[in-house]
$ cat target11.cif   # mmCIF, C-alpha atoms
data_final
#
loop_
_atom_site.label_atom_id
_atom_site.label_comp_id
_atom_site.auth_asym_id
_atom_site.auth_seq_id
_atom_site.Cartn_x
_atom_site.Cartn_y
_atom_site.Cartn_z
CA MET A 1 -34.93 -70.43 -83.77
CA GLN A 2 -37.36 -70.91 -86.65
CA HIS A 3 -35.94 -70.36 -90.12
CA LYS A 4 -37.59 -67.97 -92.54
CA ILE A 5 -37.72 -68.34 -96.34
CA LEU A 6 -38.77 -65.87 -99.01
CA VAL A 7 -40.35 -67.20 -102.21
CA ILE A 8 -40.32 -64.79 -105.17
CA ASP A 9 -42.65 -66.00 -107.93
CA ASP A 10 -45.34 -64.32 -110.01
CA ASN A 11 -47.51 -67.43 -109.71
CA THR A 12 -49.48 -67.10 -106.47
CA ASP A 13 -50.35 -70.82 -106.58
CA VAL A 14 -46.63 -71.65 -106.39
CA ILE A 15 -46.24 -69.38 -103.36
CA LYS A 16 -49.25 -70.94 -101.63
CA ALA A 17 -48.04 -74.49 -102.29
CA LEU A 18 -44.56 -73.74 -100.95
CA LYS A 19 -45.96 -71.95 -97.89
CA ILE A 20 -47.99 -75.05 -97.00
CA LEU A 21 -45.05 -77.39 -97.62
CA PHE A 22 -42.72 -75.39 -95.38
CA LEU A 23 -45.33 -74.65 -92.72
CA ILE A 24 -45.95 -78.35 -92.06
CA ASN A 25 -42.17 -78.75 -91.77
CA ASP A 26 -41.87 -75.95 -89.18
CA ILE A 27 -40.26 -73.44 -91.55
CA ASP A 28 -41.67 -69.91 -91.81
CA CYS A 29 -42.29 -68.85 -95.39
CA GLU A 30 -43.36 -65.57 -97.00
CA GLY A 31 -44.03 -64.75 -100.62
CA ALA A 32 -43.45 -61.94 -103.08
CA SER A 33 -45.11 -61.88 -106.50
CA SER A 34 -42.57 -59.62 -108.23
CA PRO A 35 -38.81 -58.97 -108.14
CA GLU A 36 -39.45 -55.43 -106.87
CA GLN A 37 -41.58 -56.65 -103.96
CA GLY A 38 -39.08 -59.38 -103.17
CA LEU A 39 -36.12 -56.96 -103.05
CA ALA A 40 -38.10 -54.57 -100.84
CA MET A 41 -38.88 -57.41 -98.39
CA LEU A 42 -35.23 -58.50 -98.33
CA GLN A 43 -34.20 -54.97 -97.40
CA SER A 44 -36.72 -54.69 -94.57
CA GLN A 45 -36.49 -58.18 -93.02
CA ASP A 46 -33.97 -60.95 -92.41
CA TYR A 47 -34.39 -64.17 -94.37
CA ASP A 48 -32.34 -67.36 -94.26
CA LEU A 49 -32.97 -68.49 -97.85
CA VAL A 50 -34.59 -67.31 -101.08
CA ILE A 51 -36.42 -69.42 -103.65
CA GLN A 52 -36.84 -67.42 -106.85
CA ASP A 53 -38.48 -67.98 -110.18
CA MET A 54 -36.57 -67.36 -113.43
CA ASN A 55 -39.35 -65.54 -115.35
CA PHE A 56 -41.89 -62.93 -114.25
CA THR A 57 -43.29 -61.37 -117.43
CA HIS A 58 -46.05 -63.23 -119.24
CA ASP A 59 -44.77 -65.36 -122.15
CA THR A 60 -41.12 -64.71 -121.25
CA THR A 61 -38.97 -67.86 -121.12
CA SER A 62 -35.37 -66.66 -121.50
CA GLY A 63 -34.59 -66.60 -117.79
CA GLU A 64 -32.98 -63.15 -118.10
CA GLU A 65 -35.34 -61.68 -115.50
CA GLY A 66 -34.32 -64.38 -113.04
CA LYS A 67 -30.66 -63.72 -113.81
CA THR A 68 -31.09 -60.01 -113.11
CA LEU A 69 -32.96 -60.68 -109.87
CA TYR A 70 -30.33 -63.18 -108.77
CA HIS A 71 -27.51 -60.65 -109.20
CA GLN A 72 -29.53 -57.94 -107.44
CA ILE A 73 -30.00 -60.21 -104.42
CA ARG A 74 -26.32 -61.16 -104.53
CA ALA A 75 -25.28 -57.49 -104.54
CA PHE A 76 -27.45 -56.93 -101.47
CA ASN A 77 -26.44 -60.08 -99.57
CA PRO A 78 -23.51 -62.09 -101.04
CA ASP A 79 -23.97 -64.98 -98.59
CA LEU A 80 -27.72 -65.60 -98.71
CA PRO A 81 -28.45 -69.05 -100.22
CA ILE A 82 -30.64 -68.84 -103.34
CA ILE A 83 -32.52 -71.73 -104.96
CA LEU A 84 -33.65 -71.20 -108.54
CA LEU A 85 -37.06 -72.49 -109.64
CA THR A 86 -36.70 -73.37 -113.30
CA ALA A 87 -38.58 -74.83 -116.20
CA TRP A 88 -36.51 -77.05 -118.47
CA ALA A 89 -36.18 -74.15 -120.93
CA GLN A 90 -34.12 -72.19 -118.40
CA LEU A 91 -31.91 -75.10 -117.32
CA GLU A 92 -28.81 -73.77 -119.09
CA MET A 93 -29.24 -70.33 -117.47
CA ALA A 94 -29.66 -71.96 -114.04
CA VAL A 95 -26.45 -73.95 -114.49
CA LYS A 96 -24.60 -70.72 -115.33
CA LEU A 97 -25.94 -69.09 -112.16
CA ILE A 98 -24.86 -72.11 -110.13
CA LYS A 99 -21.30 -71.36 -111.27
CA HIS A 100 -21.81 -67.80 -110.02
CA GLY A 101 -22.81 -68.99 -106.56
CA ALA A 102 -26.47 -70.01 -106.66
CA ALA A 103 -27.05 -72.72 -104.07
CA ASP A 104 -29.23 -75.07 -106.15
CA TYR A 105 -31.84 -75.25 -108.89
CA ILE A 106 -35.12 -77.13 -108.74
CA ALA A 107 -37.09 -77.93 -111.88
CA LYS A 108 -40.85 -77.34 -112.01
CA PRO A 109 -42.87 -79.29 -111.10
CA TRP A 110 -40.69 -79.99 -108.09
CA GLN A 111 -40.53 -83.04 -105.86
CA ASP A 112 -41.32 -82.06 -102.25
CA ASP A 113 -38.77 -84.45 -100.71
CA LYS A 114 -35.95 -83.26 -102.94
CA LEU A 115 -36.77 -79.59 -102.34
CA LEU A 116 -37.03 -80.08 -98.57
CA SER A 117 -33.75 -81.94 -98.45
CA SER A 118 -31.98 -79.13 -100.33
CA VAL A 119 -33.59 -76.43 -98.21
CA ASN A 120 -32.76 -78.10 -94.89
CA ASN A 121 -29.12 -78.64 -95.89
CA LEU A 122 -28.74 -75.05 -97.05
CA LEU A 123 -30.43 -73.61 -93.95
CA GLU A 124 -28.11 -75.62 -91.70
CA MET A 125 -25.03 -74.46 -93.62
CA TYR A 126 -26.18 -70.84 -93.70
CA GLN A 127 -26.82 -70.85 -89.97
CA LEU A 128 -23.32 -72.23 -89.38
CA GLN A 129 -21.84 -69.70 -91.80
CA GLN A 130 -23.62 -66.83 -90.06
CA ALA A 131 -22.37 -68.02 -86.67
CA GLN A 132 -18.83 -68.16 -88.04
CA THR A 133 -19.19 -64.67 -89.51
CA ARG A 134 -20.41 -63.30 -86.18
CA SER A 135 -17.55 -65.03 -84.39
CA LYS A 136 -15.01 -63.52 -86.81
CA LYS A 137 -16.47 -60.05 -86.35
CA GLN A 138 -16.36 -60.41 -82.56
CA PHE A 139 -12.78 -61.64 -82.81
CA LYS A 140 -11.77 -58.60 -84.89
CA VAL A 141 -13.37 -56.23 -82.38
CA ARG A 142 -11.63 -57.89 -79.42
CA GLN A 143 -8.33 -58.07 -81.30
CA GLU A 144 -8.43 -54.39 -82.24
CA GLN A 145 -9.36 -53.40 -78.70
CA LEU A 146 -6.40 -55.35 -77.38
CA ARG A 147 -4.04 -53.67 -79.85
CA GLN A 148 -5.33 -50.23 -78.85
CA ASP A 149 -5.13 -50.78 -75.11
CA TYR A 150 -1.86 -52.72 -74.76
CA ASP A 151 1.64 -53.12 -76.13
CA LEU A 152 1.51 -56.55 -77.80
CA CYS A 153 5.25 -56.50 -78.62
CA GLY A 154 4.66 -57.22 -82.29
CA LEU A 155 2.84 -60.51 -81.64
CA VAL A 156 1.12 -61.91 -84.73
CA PHE A 157 -2.04 -63.87 -83.98
CA ALA A 158 -5.37 -64.70 -85.59
CA ASP A 159 -6.52 -67.65 -83.49
CA GLN A 160 -9.20 -67.58 -80.80
CA ASN A 161 -7.05 -69.60 -78.39
CA MET A 162 -4.24 -67.05 -78.66
CA LEU A 163 -6.63 -64.12 -78.25
CA SER A 164 -7.99 -65.59 -75.02
CA LEU A 165 -4.48 -66.12 -73.68
CA LEU A 166 -3.40 -62.55 -74.53
CA GLU A 167 -6.52 -61.08 -72.93
CA THR A 168 -5.64 -62.91 -69.71
CA ALA A 169 -1.95 -61.98 -69.95
CA THR A 170 -2.62 -58.28 -70.44
CA HIS A 171 -5.15 -58.36 -67.60
CA VAL A 172 -2.64 -59.73 -65.09
CA ALA A 173 0.39 -57.83 -66.41
CA HIS A 174 -0.17 -54.86 -64.07
CA SER A 175 -0.22 -57.01 -60.94
CA ASP A 176 2.82 -58.09 -58.94
CA ALA A 177 1.68 -61.71 -59.00
CA GLN A 178 4.23 -64.36 -59.95
CA VAL A 179 3.30 -65.78 -63.34
CA LEU A 180 4.11 -69.27 -64.64
CA ILE A 181 4.00 -69.67 -68.42
CA THR A 182 3.58 -73.27 -69.53
CA GLY A 183 3.80 -74.67 -73.03
CA PRO A 184 6.02 -76.68 -75.38
CA ASN A 185 9.42 -75.63 -76.64
CA GLY A 186 9.35 -73.16 -79.50
CA ALA A 187 5.78 -71.99 -78.86
CA GLY A 188 6.79 -68.45 -77.82
CA LYS A 189 6.85 -68.44 -74.01
CA GLU A 190 9.58 -65.78 -73.88
CA LYS A 191 7.47 -63.52 -76.09
CA ILE A 192 4.61 -63.77 -73.59
CA ALA A 193 7.05 -62.83 -70.81
CA GLU A 194 8.07 -59.76 -72.84
CA LEU A 195 4.40 -58.78 -73.19
CA LEU A 196 3.86 -59.11 -69.43
CA VAL A 197 6.79 -56.80 -68.74
CA ALA A 198 5.86 -54.30 -71.46
CA ASN A 199 2.42 -53.81 -69.89
CA SER A 200 3.53 -53.72 -66.26
CA ALA A 201 4.82 -51.07 -63.87
CA TYR A 202 8.27 -52.64 -64.42
CA ARG A 203 8.46 -51.90 -68.14
CA ASP A 204 11.21 -49.26 -67.77
CA ARG A 205 13.20 -51.26 -65.24
CA PRO A 206 15.68 -54.15 -65.66
CA PHE A 207 14.38 -57.22 -67.49
CA ILE A 208 16.82 -60.09 -66.95
CA ARG A 209 16.42 -63.47 -68.67
CA VAL A 210 17.87 -66.77 -67.54
CA ASN A 211 17.49 -70.08 -69.39
CA ALA A 212 17.90 -72.61 -66.60
CA GLY A 213 17.75 -75.40 -69.16
CA ALA A 214 20.94 -74.16 -70.84
CA LEU A 215 23.06 -74.05 -67.65
CA PRO A 216 24.87 -76.94 -65.91
CA ALA A 217 23.16 -77.81 -62.63
CA ASP A 218 26.24 -76.89 -60.59
CA LEU A 219 26.34 -73.37 -62.07
CA ILE A 220 22.66 -72.41 -61.85
CA GLU A 221 22.91 -71.17 -58.25
CA ALA A 222 25.93 -69.02 -59.03
CA GLU A 223 24.15 -67.65 -62.09
CA LEU A 224 21.03 -66.71 -60.12
CA PHE A 225 22.49 -65.57 -56.80
CA GLY A 226 26.06 -64.62 -57.66
CA VAL A 227 29.34 -66.02 -56.41
CA VAL A 228 32.24 -64.69 -54.35
CA SER A 229 35.83 -65.19 -55.33
CA GLY A 230 37.20 -68.55 -54.18
CA ALA A 231 33.81 -70.08 -53.46
CA TYR A 232 34.75 -73.07 -55.60
CA THR A 233 37.46 -74.12 -58.02
CA GLY A 234 37.44 -71.79 -60.98
CA ALA A 235 35.68 -68.94 -59.16
CA THR A 236 38.61 -66.54 -59.47
CA LYS A 237 36.55 -63.39 -59.00
CA SER A 238 33.27 -62.37 -57.52
CA ARG A 239 30.31 -62.09 -59.87
CA GLU A 240 26.91 -60.51 -59.49
CA GLY A 241 23.93 -62.85 -59.85
CA ARG A 242 20.85 -62.35 -61.96
CA PHE A 243 18.65 -61.52 -58.96
CA SER A 244 20.89 -58.60 -58.07
CA ALA A 245 20.93 -57.45 -61.69
CA ALA A 246 17.12 -57.59 -61.82
CA ASP A 247 16.61 -55.66 -58.55
CA GLY A 248 13.64 -53.33 -58.98
CA GLY A 249 12.60 -55.08 -62.18
CA THR A 250 11.71 -58.49 -63.61
CA LEU A 251 13.57 -61.81 -63.73
CA PHE A 252 12.41 -64.31 -66.36
CA LEU A 253 13.35 -67.87 -65.44
CA ASP A 254 12.92 -70.11 -68.47
CA GLU A 255 12.81 -73.92 -68.06
CA ILE A 256 12.34 -73.56 -64.31
CA GLY A 257 11.80 -77.32 -64.06
CA ASN A 258 15.56 -77.82 -64.54
CA LEU A 259 16.46 -75.98 -61.33
CA PRO A 260 18.09 -78.42 -58.83
CA LEU A 261 16.46 -78.90 -55.43
CA CYS A 262 19.08 -76.85 -53.56
CA GLY A 263 18.50 -73.96 -55.97
CA GLN A 264 14.75 -74.39 -55.59
CA GLN A 265 15.06 -73.89 -51.84
CA LYS A 266 16.99 -70.65 -52.30
CA LEU A 267 14.54 -69.46 -54.93
CA LEU A 268 11.61 -70.12 -52.60
CA ARG A 269 13.28 -68.05 -49.90
CA VAL A 270 13.83 -65.13 -52.29
CA LEU A 271 10.19 -65.24 -53.36
CA GLN A 272 9.04 -65.30 -49.73
CA THR A 273 11.45 -62.77 -48.19
CA GLY A 274 13.40 -61.13 -51.00
CA GLU A 275 16.61 -62.33 -49.31
CA PHE A 276 19.48 -64.60 -50.43
CA GLU A 277 23.22 -65.14 -50.11
CA ALA A 278 25.66 -65.40 -52.96
CA VAL A 279 27.43 -68.75 -53.34
CA GLY A 280 30.32 -68.81 -50.84
CA SER A 281 29.06 -65.79 -48.90
CA SER A 282 27.30 -65.37 -45.55
CA LYS A 283 26.22 -61.82 -46.32
CA THR A 284 22.47 -61.54 -46.86
CA GLN A 285 21.29 -59.45 -49.80
CA LYS A 286 17.76 -58.11 -50.20
CA VAL A 287 16.10 -57.43 -53.53
CA ASN A 288 12.68 -56.53 -54.93
CA VAL A 289 12.17 -58.62 -58.04
CA ARG A 290 9.08 -59.80 -59.89
CA VAL A 291 9.65 -63.35 -61.12
CA ILE A 292 8.09 -64.69 -64.29
CA SER A 293 8.89 -68.34 -64.90
CA ALA A 294 8.29 -70.74 -67.75
CA THR A 295 8.50 -74.46 -68.36
CA ASN A 296 7.74 -77.07 -70.97
CA ALA A 297 7.67 -79.78 -68.29
CA ASP A 298 4.73 -81.12 -66.29
CA LEU A 299 5.69 -79.79 -62.86
CA ASN A 300 2.98 -81.84 -61.13
CA GLU A 301 4.68 -84.99 -62.40
CA ALA A 302 8.04 -83.62 -61.27
CA ILE A 303 6.53 -83.00 -57.82
CA ALA A 304 5.25 -86.59 -57.70
CA ARG A 305 8.77 -87.83 -58.53
CA GLY A 306 10.27 -85.66 -55.79
CA GLU A 307 12.17 -83.54 -58.32
CA PHE A 308 10.31 -80.27 -57.76
CA ARG A 309 9.16 -78.63 -54.53
CA GLN A 310 5.41 -78.35 -54.20
CA ASP A 311 5.63 -75.19 -52.07
CA LEU A 312 7.78 -73.53 -54.76
CA TYR A 313 5.30 -74.57 -57.43
CA TYR A 314 2.44 -72.90 -55.58
CA ARG A 315 4.54 -69.78 -55.07
CA LEU A 316 5.48 -69.56 -58.77
CA ASN A 317 2.03 -70.51 -60.00
CA MET A 318 -0.09 -67.67 -58.61
CA ILE A 319 -1.17 -67.14 -62.24
CA GLU A 320 -0.64 -69.80 -64.91
CA LEU A 321 -0.70 -68.86 -68.57
CA ARG A 322 -0.88 -71.94 -70.79
CA LEU A 323 0.53 -71.21 -74.23
CA PRO A 324 -1.01 -73.72 -76.66
CA PRO A 325 1.22 -75.52 -79.17
CA LEU A 326 0.94 -74.17 -82.71
CA ALA A 327 -1.14 -77.19 -83.74
CA GLU A 328 -3.85 -76.02 -81.30
CA ARG A 329 -3.96 -72.53 -82.83
CA PRO A 330 -4.32 -73.35 -86.54
CA ASP A 331 -5.54 -69.88 -87.52
CA ASP A 332 -2.16 -68.49 -86.44
CA ILE A 333 -0.15 -70.65 -88.87
CA VAL A 334 -0.54 -68.77 -92.16
CA PRO A 335 -0.41 -65.24 -90.63
CA LEU A 336 2.81 -66.20 -88.82
CA ALA A 337 4.23 -67.69 -92.01
CA MET A 338 3.41 -64.46 -93.88
CA HIS A 339 5.07 -62.49 -91.08
CA PHE A 340 8.27 -64.52 -91.42
CA LEU A 341 8.37 -64.04 -95.21
CA SER A 342 10.50 -61.42 -96.88
CA SER A 343 8.48 -58.68 -98.53
CA HIS A 344 9.14 -59.95 -102.06
CA LYS A 345 7.92 -63.53 -101.52
CA SER A 346 4.43 -65.00 -101.34
CA LEU A 347 2.86 -68.36 -100.45
CA SER A 348 0.89 -70.36 -103.00
CA GLU A 349 -2.52 -71.78 -102.11
CA GLY A 350 -1.01 -75.28 -102.00
CA ALA A 351 1.77 -74.15 -99.66
CA GLN A 352 -0.75 -72.58 -97.30
CA ARG A 353 -2.83 -75.78 -97.29
CA LEU A 354 0.21 -77.86 -96.40
CA LEU A 355 1.27 -75.45 -93.65
CA LYS A 356 -2.18 -75.74 -92.07
CA ARG A 357 -2.18 -79.54 -92.28
CA TYR A 358 1.27 -80.06 -90.77
CA THR A 359 1.35 -80.81 -87.02
CA TRP A 360 4.32 -78.54 -86.15
CA PRO A 361 6.08 -80.55 -83.43
CA GLY A 362 8.67 -77.75 -83.24
CA ASN A 363 5.96 -75.07 -83.00
CA VAL A 364 6.56 -71.44 -84.03
CA ARG A 365 10.34 -71.86 -84.07
CA GLU A 366 10.01 -74.72 -86.58
CA LEU A 367 7.62 -72.67 -88.73
CA GLN A 368 10.09 -69.79 -88.85
CA ASN A 369 12.90 -72.14 -89.89
CA VAL A 370 10.73 -73.81 -92.57
CA ILE A 371 9.78 -70.44 -94.09
CA GLY A 372 13.38 -69.22 -94.01
CA ARG A 373 14.58 -72.37 -95.79
CA ALA A 374 11.74 -72.23 -98.34
CA GLU A 375 12.66 -68.66 -99.27
CA LEU A 376 16.16 -69.82 -100.12
CA LEU A 377 14.99 -72.84 -102.11
CA ALA A 378 12.06 -71.32 -104.02
CA ALA A 379 12.96 -70.69 -107.66
CA GLY A 380 10.54 -67.79 -108.11
CA GLU A 381 8.73 -65.18 -106.08
CA ARG A 382 6.04 -67.69 -105.10
CA ILE A 383 6.74 -70.43 -102.56
CA GLU A 384 5.09 -73.71 -103.54
CA ALA A 385 4.25 -76.66 -101.29
CA THR A 386 7.28 -78.58 -102.57
CA ASP A 387 9.58 -75.73 -101.46
CA LEU A 388 8.56 -76.20 -97.81
CA GLY A 389 10.38 -79.50 -97.45
CA LEU A 390 7.76 -80.84 -95.03
CA ASN A 391 7.35 -84.57 -94.57
CA ALA A 392 3.81 -85.19 -95.79
CA SER A 393 3.43 -88.60 -94.13
CA ALA A 394 0.33 -89.44 -92.13
CA SER A 395 2.32 -89.16 -88.90
CA THR A 396 3.17 -85.50 -89.48
CA LEU A 397 -0.03 -84.25 -91.08
CA ALA A 398 -2.96 -83.21 -88.96
CA SER A 399 -6.46 -84.34 -89.79
CA HIS A 400 -7.93 -81.26 -91.48
CA GLU A 401 -11.67 -81.00 -91.90
CA PHE A 402 -12.38 -78.76 -94.86
CA THR A 403 -15.15 -76.17 -94.57
CA ILE A 404 -17.67 -75.23 -97.24
CA GLU A 405 -15.61 -72.06 -97.80
CA ASP A 406 -12.51 -74.20 -98.52
CA ILE A 407 -14.37 -76.30 -101.07
CA THR A 408 -16.17 -73.45 -102.85
CA GLN A 409 -13.04 -71.29 -102.92
CA ALA A 410 -11.02 -74.11 -104.49
CA LEU A 411 -13.73 -74.66 -107.12
CA ASP A 412 -13.86 -70.93 -107.86
CA ASN A 413 -10.06 -70.75 -108.15
CA HIS A 414 -10.13 -73.54 -110.76
CA GLN A 415 -13.26 -72.43 -112.67
CA GLY A 416 -15.30 -75.37 -111.40
CA ASN A 417 -12.77 -78.02 -112.46
CA VAL A 418 -13.23 -80.64 -109.74
CA THR A 419 -10.02 -82.51 -110.53
CA HIS A 420 -7.83 -79.42 -110.27
CA ALA A 421 -9.70 -78.10 -107.22
CA ALA A 422 -9.32 -81.46 -105.44
CA LYS A 423 -5.60 -81.54 -106.22
CA SER A 424 -5.11 -78.05 -104.77
CA LEU A 425 -6.64 -79.27 -101.49
CA GLY A 426 -4.65 -82.48 -101.43
CA LEU A 427 -7.80 -84.56 -102.00
CA SER A 428 -8.70 -87.26 -104.46
CA ARG A 429 -11.51 -86.56 -106.94
CA GLN A 430 -13.84 -88.93 -105.09
CA ALA A 431 -13.00 -87.35 -101.71
CA MET A 432 -13.80 -83.97 -103.25
CA TYR A 433 -17.17 -85.25 -104.49
CA ARG A 434 -17.98 -86.60 -101.01
CA ARG A 435 -17.37 -83.18 -99.48
CA MET A 436 -19.37 -81.47 -102.21
CA ASP A 437 -22.28 -83.81 -101.48
CA LYS A 438 -21.91 -83.20 -97.74
CA PHE A 439 -22.22 -79.43 -98.21
CA GLY A 440 -24.92 -79.63 -100.86
CA ILE A 441 -22.66 -78.27 -103.61
CA LYS A 442 -24.03 -79.38 -106.94
CA ARG A 443 -21.70 -81.45 -109.10
#
$ encode --input "target11.cif" --output "C-alpha cells"
Amino acid sequence: MQHKILVIDDNTDVIKALKILFLINDIDCEGASSPEQGLAMLQSQDYDLVIQDMNFTHDTTSGEEGKTLYHQIRAFNPDLPIILLTAWAQLEMAVKLIKHGAADYIAKPWQDDKLLSSVNNLLEMYQLQQAQTRSKKQFKVRQEQLRQDYDLCGLVFADQNMLSLLETATHVAHSDAQVLITGPNGAGKEKIAELLVANSAYRDRPFIRVNAGALPADLIEAELFGVVSGAYTGATKSREGRFSAADGGTLFLDEIGNLPLCGQQKLLRVLQTGEFEAVGSSKTQKVNVRVISATNADLNEAIARGEFRQDLYYRLNMIELRLPPLAERPDDIVPLAMHFLSSHKSLSEGAQRLLKRYTWPGNVRELQNVIGRAELLAAGERIEATDLGLNASASTLASHEFTIEDITQALDNHQGNVTHAAKSLGLSRQAMYRRMDKFGIKR
C-alpha cells in the first residue's frame, strides 16, 4: 500500500519540490497552502504523515501559527506523525513542540536524504502503530462479545493467546466431547475446566474434581471407582467413588498422566461403556459422566515409554486445549497482578516493568503469591519493584523488546529526562539512546 503525505506550506515552490522528491521515491504527496485548507483535507482524507510549515502570514517569524496548527492537527488525530519545517528563527519553538509529541523538525533548506530517512522511518512506525491499534480494537470487540455470550467464571485476561484459547473452549463447552487440557503447573487448567462446565448442559449437575497427582498410586483406583469393605487392609467400610458421585455430571481428572496402567484400563472402559466395578466388587455399575482431564506432562512421551495407554490418550484427547504458560501470554501479567491486589494498593511503573520481564516459572500461581507477599512488605500504598522480591538475574528475566510506546511514555513520565526514563525501564542511558535512534525519537 502506497503511503500518502500532506504538506502544509504557504510557499507553493516548497510543495512542488516535496511532491517531486516523494513521487520519485514512490510516496504519494498532496499539498495545502494554508492551515485551513490543510485541516479540511485531513478531515476528508486519510494521510500517513504531515509536513507543516511554522509560519503562514507574510513577514511573520514567531512560529506561533505553526504551533496553533500543530495542536489543531493533534486534537484531530493524536497519533499522526508531524514533521515541522522550520527556519533557524523558529528552532526553539520546534524543540518545544517536539517535547509535545512532534515527530521531527527539518530546517530549511532541507537535505533530501535526511528528510527521506526521517519520513521513511516515521511511515514505517506509523503503519506498525496503526496495525497494533486495529488489533487492539479487534481484541476488545472479541473480548466483549465473549463476555456477553458466555460465563467466563471471573477469568482475567488481556492476551491474544488467552483470547484464542477461550474462544475455542467456549465453542466446545456445549458438546459432550472429552476434553484434555494441557499446560504447565500453576497456569490455571482447573479454571478452564470450570469454564467448560459453566457453559455446558452439565452446569447445574455434579462437578467432581480429582487430583490424581496428589494421590498414592495404590489409592487412585479406590478414589475413582469406589471400594467395598474388606477389599484390602484398611478398607473397613465401603466408600463411593468419584465416578459414582459425578453420575449425570462432570468429572475433572487433574494430572491424568499419574494414573497407573491398571487404573488407565478401567478408565478406558468407563469412557467406552460407562461401566466399572468398585475395588473388591464384582457388581457392575453404570454411569453417565463427562470427563475433562488435564496434565502438565507430555503424554506422547509417556506413551513412548510405555507408561500411558495410547488408546486412552486418543479417547481423552477428542479436543485438546493447550493453556500457554504465563510467559507466553505477557499481556495477561499486569492485569492479573492488578486483580490479585487489594483495593487500596497499586503497582508502580517500575514494578509493572519487572513483572513483565520476569519469566514466571511458577505461572499464575507464582504471580499470585508474589503479589500477596509484596502487599505485606510494601511500606506504602504503592508497590515498588524492590517489594516484589523477584530474582532479577539474567536466568529469570525474559528478553523484553521495548516498543515505541514504552520509550515515549517513559520519556513523557520523566519530562524528557533520558537518564531517569532509562532507569525506569531498567536500561542504561546508552541503551535508551539506541532505542530512541531505532524509533526515530529525537535526542
$ residues_around --input "target11.cif" --residues "region 235-250 of chain A" --least-positions-apart "5" --cutoff "6 Å" --atoms "all atoms listed in the file" --output "compact mmCIF listing (two decimals) with C-alpha atoms, in the coordinates of the input"
# COMPACT_ATOMS: atom_id res chain seq x y z
CA TYR A 202 8.27 -52.64 -64.42
CA ARG A 205 13.20 -51.26 -65.24
CA PRO A 206 15.68 -54.15 -65.66
CA PHE A 207 14.38 -57.22 -67.49
CA ILE A 208 16.82 -60.09 -66.95
CA GLU A 223 24.15 -67.65 -62.09
CA LEU A 224 21.03 -66.71 -60.12
CA PHE A 225 22.49 -65.57 -56.80
CA GLY A 226 26.06 -64.62 -57.66
CA VAL A 227 29.34 -66.02 -56.41
CA VAL A 228 32.24 -64.69 -54.35
CA SER A 229 35.83 -65.19 -55.33
CA GLY A 230 37.20 -68.55 -54.18
CA VAL A 287 16.10 -57.43 -53.53
CA ASN A 288 12.68 -56.53 -54.93
CA VAL A 289 12.17 -58.62 -58.04
CA ARG A 290 9.08 -59.80 -59.89
CA VAL A 291 9.65 -63.35 -61.12
$ closest_residue --input "target11.cif" --among "A:Ile303, A:Ala385, A:Leu268, A:Ile83" --to "Asp48 (chain A)" --atoms "only C-alpha atoms"
A:Ile83
$ closest_residue --input "target11.cif" --among "A:Arg305, A:Lys4, A:Arg365, A:Arg209" --to "Asn120 (chain A)" --atoms "all atoms listed in the file"
A:Lys4
$ residues_around --input "target11.cif" --residues "Thr57 (chain A)" --least-positions-apart "6" --cutoff "12 Å" --atoms "all atoms listed in the file" --output "ChimeraX atom specification"
/A:9-11,33-35,63-66
$ write_last_selection --input "target11.cif" --atoms "C-alpha atoms" --output "mmCIF file, in the frame of the given file"
data_model
loop_
_atom_site.group_PDB
_atom_site.id
_atom_site.type_symbol
_atom_site.label_atom_id
_atom_site.label_comp_id
_atom_site.auth_asym_id
_atom_site.auth_seq_id
_atom_site.Cartn_x
_atom_site.Cartn_y
_atom_site.Cartn_z
ATOM 1 C CA ASP A 9 -42.650 -66.000 -107.930
ATOM 2 C CA ASP A 10 -45.340 -64.320 -110.010
ATOM 3 C CA ASN A 11 -47.510 -67.430 -109.710
ATOM 4 C CA SER A 33 -45.110 -61.880 -106.500
ATOM 5 C CA SER A 34 -42.570 -59.620 -108.230
ATOM 6 C CA PRO A 35 -38.810 -58.970 -108.140
ATOM 7 C CA GLY A 63 -34.590 -66.600 -117.790
ATOM 8 C CA GLU A 64 -32.980 -63.150 -118.100
ATOM 9 C CA GLU A 65 -35.340 -61.680 -115.500
ATOM 10 C CA GLY A 66 -34.320 -64.380 -113.040
#
$ closest_residue --input "target11.cif" --among "A:Asn300, A:Thr68, A:Leu321, A:Gln132" --to "Thr168 (chain A)" --atoms "all atoms listed in the file"
A:Leu321
$ closest_residue --input "target11.cif" --among "A:Gly101, A:Ile319, A:Thr12, A:Cys262" --to "Val172 (chain A)" --atoms "only C-alpha atoms"
A:Ile319
$ resolve_selection --input "target11.cif" --expression "the PyMOL selection byres ((chain A and resi 30) around 9)" --output "PDB file with C-alpha atoms, in the coordinates of the input"
ATOM      1  CA  LYS A   4     -37.590 -67.970 -92.540  1.00  0.00           C
ATOM      2  CA  ILE A   5     -37.720 -68.340 -96.340  1.00  0.00           C
ATOM      3  CA  LEU A   6     -38.770 -65.870 -99.010  1.00  0.00           C
ATOM      4  CA  VAL A   7     -40.350 -67.200-102.210  1.00  0.00           C
ATOM      5  CA  ILE A   8     -40.320 -64.790-105.170  1.00  0.00           C
ATOM      6  CA  ILE A  15     -46.240 -69.380-103.360  1.00  0.00           C
ATOM      7  CA  LYS A  19     -45.960 -71.950 -97.890  1.00  0.00           C
ATOM      8  CA  ASP A  28     -41.670 -69.910 -91.810  1.00  0.00           C
ATOM      9  CA  CYS A  29     -42.290 -68.850 -95.390  1.00  0.00           C
ATOM     10  CA  GLY A  31     -44.030 -64.750-100.620  1.00  0.00           C
ATOM     11  CA  ALA A  32     -43.450 -61.940-103.080  1.00  0.00           C
TER      12      ALA A  32
END
$ closest_residue --input "target11.cif" --among "A:Ser175, A:Gln415, A:Ser424, A:Asn185" --to "Gly362 (chain A)" --atoms "only C-alpha atoms"
A:Asn185
